[in-house]
Every structure is written in C-alpha cells, then in structure tokens.
Amino acid sequence: MNFTASKQPENCLLGPESDSQRTLYPYVTGTSVVALKYKDGILMAADMGGSYGSTLRYKSVERMKPIGKHSLLGASGEISDFQEILKYLDELILYDNMWDDGNSLGPKEVHNYLTRVMYNRRNKFNPLWNSLVLGGVKKGEKYLGTVSMIGVNFEDNHVATGFGNHLARPILRQEWHENLSFEDGVKLLEKCMRVLLYRDRSAINKLQIAKITEEGMTISPPYSLKTYWEFSAFENPTQGAVGSW
Amino acid sequence: MFRNQYDTDVTTWSPAGRLFQVEYAMEAVKQGSAAIGLRSKTHVVLGCVNKANSELSSHQKKIFKVDDHIGVAIAGLTADGRVLSRYMRNECINYNFTYESPLPVGRLVVQLADKAQVCTQRSWKRPYGVGLLVAGLDESGAHLYYNCPSGNYFEYQAFAIGSRSQAAKTYLERRFENFADSSRDDLVKDALMAIRETLQGETLKSSICTVAVVGVGEPFHILDQETVQQMINAFEIVGEQEGPAAEPDAAAGQEAAAEQGGSTDEGVAPMDI
C-alpha cells in the first residue's frame, strides 16, 4: 500500500509521478557559449567549466563538439543532457553516412533536427536542459543557429547562450561586421569571453575556441585569458562602506 | 507466360529460381499506357500518354507531383500508383519538417524500393502492379530512376515503360548521348518525340499526352496544354519540312495548311517515320 500521498491535483495532465524520471532541475551545468560568423566560417568559444550548483567542480569539460563533416555544436546547461544529445546526433550522422550516396546532412538540417528533439521533449515535460549553438559551413554557405531547452530556435550572424546573451551580444551588435578575418573574430570572441569571465560567477578562466570552415573543424587547446584586477576602485573596496573597517 | 503450379502466391519459388507473381506484376506495368522520362545535368522531363476510356470520360492522372523537387510518372495499376505517390509525398513532407531541407531523391527511391520488396515476401500481400519513373533533384544534380514491382530500382539517363514503350526506347537510345548537355526546351521536345513514337502513327496532340518538368531553379510542374501544343506545333512543322511535301513556315502556311491538313489544326499529321 502506498502511504505517501501523491502531490498531483486531480486535473493534472502529467503522468503517474512514481515512474517519473523527468529532468526537474539541472545538476552539472556549463555556462555561456558565444559564436559568430566570420569570413571563412564560424568561430565559437566556450569555457571548460562544469559547475555543480555554486561549486566550480569540473574544469576540463569540452562543451563544443564536431557533428558530421559540416557542423559544430556547443552547449550550455546540463552536461549529461549534452552527452545524450551527442548520442542522438551520433546515430543520426551514422545513418546519414550509411546511405553512402553523396548526400550529407548540413548544419541547417542538424539544427532543425535538434529543434524538433528539444521541442518534443519540452512538450512531454521532460526537457533536455540545454541551450545549444549549432554552426557550420556547407557548399560555401555559412550557418549559425541556436535552440533553447523549450525549442525556441533562430539563426543569426552571432549567437550566445545564457549570460552571453546579456553580456556578449551587446558587444557583438556593436562590433561584428561581415567578413571578419580570423584574427579579428578571435579577438572579438576573447573580448566577449573576458567580460563573461569578470562578471559571470560560473565562468572559469580556461577556454577553447573552435573554428569550422569548408575544410573542417579545428578546436584550440585550452588556454586562459589575461585579466586585470589593479583598478583603483578595487583597492580597499570596503573603505567608506557602512559597518566596514 | 503460361500458368504453372508455382505461380499461386508470391512466397513460392519456382524450381528455376523465379517468383512468378512478381513477374506477373511486371507484366501489369507493360500493359499500362506509356510513360517516358529523360534527363540532362540540370533538368528531368517526364511524359506520358493519356488514353481516356471513352470520349465521355476524362483521362487518368499518371503524373504526380511529390514535392517541389520530385515528381513521378506511373504505368500499370494507377490505383497502386496513387497510393505509392501518397507515400512518397508523406515521406518528403516528414523529412522537410524535421530537417527543413528537401529529401534527396536517391533516398526516397530506396525507401520506395524497400516498400515494394516487402510485398514480394509476405504471403498475405501482393506486389504493387505499377512501375514508377521518379524524376528529382538532389545535391549531385538531376536524376531519373525507375522503380519496378520487384523492389529493384535503376537509374537512367532516359527510359520508357508501358505499352509500345519499345519504340520510345529505340528513339531514346539513338539520342541519349546528347541529353546530358541539352537545354530544357530541347529535352521537352525530345520527350514529345519519344511519346509520339509510342503512338505509332496517331497524331500527337496535347490532349492525349502530359508533360512535366523539374530542374535546378524550376520546381516540378506539369506543363499546361497550350504550352505543350505550341511545342508540338514547333517540331511538327520541322518534321514536315523533312518530309516529301515541303511545308512553308507557319505564317505563310495558313493556305498551305488547309491544303495539306496543316499542323496547327486537327488533321492528319504527315508521317515522318
């Protein structure tokens, strides 16, 4: 006999709670991903942190992965759900390759597939707790899009997830332009990532930048950004504050 | 083909290793009215002969648009063809919904062939009695495939199926080497000429044939009767110039037309075979 009362009201649309394994909250999360289109393709940056709540627990998490020949996927949010998505995509690309017929799934197709997956999971009240960035180049056409955990998707010349939307996108709106060179693109991304490093408490100073062009995908080894803390306002920060000494 | 004790169901092999029910299904394709297809690097043209049962009835639809980039012409049991077209449309729509991208025709053709194969290996089913000429585009350009009831599919530069298709095939065999670089209009003309071959002397009119085109930058569509008739007129005239009675060009041809039972009106077209 079941002594614990179920918390569902009578008119609930959710299924039986006892066998529920829905994602209710994320556990190990990655923070922002920032990406932009440049002359030859897409540049994407993400740090390598996996936070366990407020603890910066894992510091070597690769949050960007190549998908097939033409695409690059970056994710923020629950890391285990990202790994699940990689499994789905692995199967998708495998079946695509098995056709062996000269046709291949490009970034647009992968992006739309992911949108369908995310939206369908959201409809079942069992979301994949991620915000995804999908970029790639196929037949000279650059593509950059994003999907959220509720299935909102769109394409743009530059996209970001999480805090990146608030801190990085304004910088990109000011300074992004068509046909950025590789060096300028990297500098712009580093500028965004530096702001995030200063202001996002889940960010860590260890990041990778990935690039995808017609030729393929490369991802930089992890490196850190130079930061500056010698602002005079940071000296004696409590001076003058009520109750401080 | 004669009846024998191994042809009762599709799941019985003959001692010679044949599945007679499947072969009989292919016969059904041969009995249907002709359909032809031909392709260049960038376009594919489908054509078919539309014979109405009687003057009172309309003719059956034998060419179906499956998607903007794929169309199909059928020969054989048109009911089976209609059902398969619905399947193909469904597959294209589902793929487009998931990937926002057109389903490559090569993949659709394989799915169709696998569907047909199922019917050759179930005792409670029968093979589809229809041959399909699938015209479509994918990443690697324009393609023409033939799907038969056996579950096989083949890719062709040009092909004809249905009754009296051999005449069309002979015509196409003579000319196919030029098709790859043909212009769209020349391809349509060749299709009409091939259709005419299957009529064996009967006048080619736009009311008894249907032509459809798909190409890079041109979604699949069936050409309207007027356009087809104009193209028929264009090359019928050329045909007459080659014949014994020399026909002056169309503008001056009005009087000559009356005398020779000219090409723009309903009348006996001169034999050019």
# chains A, B, ... in the order shown; residues from 1 in each chain; ligands from 1
>>> residues_around(residues="region 89-104 of chain B", least_positions_apart="6", cutoff="7 Å", atoms="only C-alpha atoms", output="ChimeraX atom specification")
/A:109-110,112-113,116 /B:66-67,137-138
>>> residues_around(residues="Glu215 (chain A)", least_positions_apart="3", cutoff="9 Å", atoms="only C-alpha atoms", output="NGL selection string")
:A and (69-70 or 137 or 212)
>>> closest_residue(among="A:Lys226, A:Arg22, A:Arg201, A:Lys108", to="Ile67 (chain A)", atoms="only C-alpha atoms")
A:Lys108
>>> atom_distance(atom1="CA of Met118 (chain A)", atom2="CA of Ser220 (chain A)")
28.6 Å
>>> select_by_dssp(residues="region 50-261 of chain B", states="helix (DSSP H, G or I)", output="ChimeraX atom specification")
/B:78-99,105-118,165-181,184-199,225-242,253-260
>>> closest_residue(among="B:Arg107, B:Arg174, B:Arg82, B:His43", to="chain A", atoms="only C-alpha atoms")
B:Arg107
>>> residues_around(residues="Ser183 (chain B)", least_positions_apart="6", cutoff="12 Å", atoms="only C-alpha atoms", output="list of chain:residue names")
B:Arg39, B:Ser40, B:Lys41, B:Thr42, B:His43, B:Val44, B:Val45, B:Lys189, B:Asp190, B:Gly215
>>> select_by_dssp(residues="region 40-180 of chain B", states="strand (DSSP E)", output="ChimeraX atom specification")
/B:43-49,63-67,70-76,130-138,141-147,153-155,158-161
>>> residues_around(residues="region 175-192 of chain A", least_positions_apart="3", cutoff="10 Å", atoms="only C-alpha atoms", output="VMD selection string")
chain A and resid 34 to 46 157 to 158 164 167 to 172 195 to 197 207 209 to 211 224 to 226
>>> residues_around(residues="Cys48 (chain B)", least_positions_apart="3", cutoff="6 Å", atoms="only C-alpha atoms", output="list of chain:residue names")
B:Ala34, B:Ala35, B:Cys209, B:Thr210
>>> residues_around(residues="Leu46 (chain B)", least_positions_apart="3", cutoff="9 Å", atoms="only C-alpha atoms", output="PyMOL selection string")
chain B and resi 35-39+63+71-73+133-135+188+191+210-214+222
>>> residues_around(residues="Asp100 (chain A)", least_positions_apart="6", cutoff="12 Å", atoms="only C-alpha atoms", output="list in words")
Ile93 and Leu94 of chain A; Gly106 and Arg107 of chain B
>>> write_last_selection(atoms="C-alpha atoms", output="compact mmCIF listing (two decimals), in the first residue's frame")
# COMPACT_ATOMS: atom_id res chain seq x y z
CA ILE A 93 25.14 11.04 -38.63
CA LEU A 94 25.84 7.32 -38.71
CA GLY B 106 18.05 8.91 -54.25
CA ARG B 107 16.97 8.19 -50.68
>>> decode(residues="region 53-103 of chain A", atoms="C-alpha atoms", output="compact mmCIF listing (two decimals), in the first residue's frame")
# COMPACT_ATOMS: atom_id res chain seq x y z
CA GLY A 53 25.46 24.35 -8.26
CA SER A 54 27.68 27.12 -6.96
CA THR A 55 30.77 24.89 -6.83
CA LEU A 56 33.09 25.13 -9.84
CA ARG A 57 33.58 21.39 -9.76
CA TYR A 58 34.83 20.20 -13.15
CA LYS A 59 37.38 22.17 -15.07
CA SER A 60 38.02 20.15 -18.21
CA VAL A 61 34.63 19.76 -19.77
CA GLU A 62 34.62 20.05 -23.56
CA ARG A 63 31.40 21.82 -24.38
CA MET A 64 31.92 22.02 -28.14
CA LYS A 65 31.94 19.00 -30.44
CA PRO A 66 32.04 18.44 -34.19
CA ILE A 67 28.97 16.86 -35.78
CA GLY A 68 29.48 15.09 -39.09
CA LYS A 69 31.61 16.84 -41.68
CA HIS A 70 29.94 20.20 -41.69
CA SER A 71 28.75 21.20 -38.23
CA LEU A 72 29.88 22.22 -34.78
CA LEU A 73 27.70 22.01 -31.68
CA GLY A 74 28.24 23.98 -28.49
CA ALA A 75 26.09 23.54 -25.40
CA SER A 76 25.40 25.20 -22.12
CA GLY A 77 23.25 23.78 -19.38
CA GLU A 78 23.12 20.22 -18.08
CA ILE A 79 26.23 18.35 -19.23
CA SER A 80 24.65 14.91 -19.07
CA ASP A 81 21.86 16.06 -21.38
CA PHE A 82 24.50 17.39 -23.76
CA GLN A 83 26.09 13.96 -23.79
CA GLU A 84 22.69 12.44 -24.53
CA ILE A 85 22.23 14.83 -27.44
CA LEU A 86 25.65 13.84 -28.77
CA LYS A 87 24.48 10.22 -28.74
CA TYR A 88 21.35 11.09 -30.73
CA LEU A 89 23.42 13.05 -33.22
CA ASP A 90 25.97 10.29 -33.47
CA GLU A 91 23.24 7.90 -34.54
CA LEU A 92 21.80 10.46 -36.94
CA ILE A 93 25.14 11.04 -38.63
CA LEU A 94 25.84 7.32 -38.71
CA TYR A 95 22.64 6.58 -40.60
CA ASP A 96 23.32 9.51 -42.88
CA ASN A 97 26.75 8.13 -43.71
CA MET A 98 25.37 4.66 -44.23
CA TRP A 99 23.35 5.86 -47.22
CA ASP A 100 26.74 6.43 -48.84
CA ASP A 101 25.16 8.37 -51.64
CA GLY A 102 26.88 11.72 -51.91
CA ASN A 103 24.21 13.50 -49.86
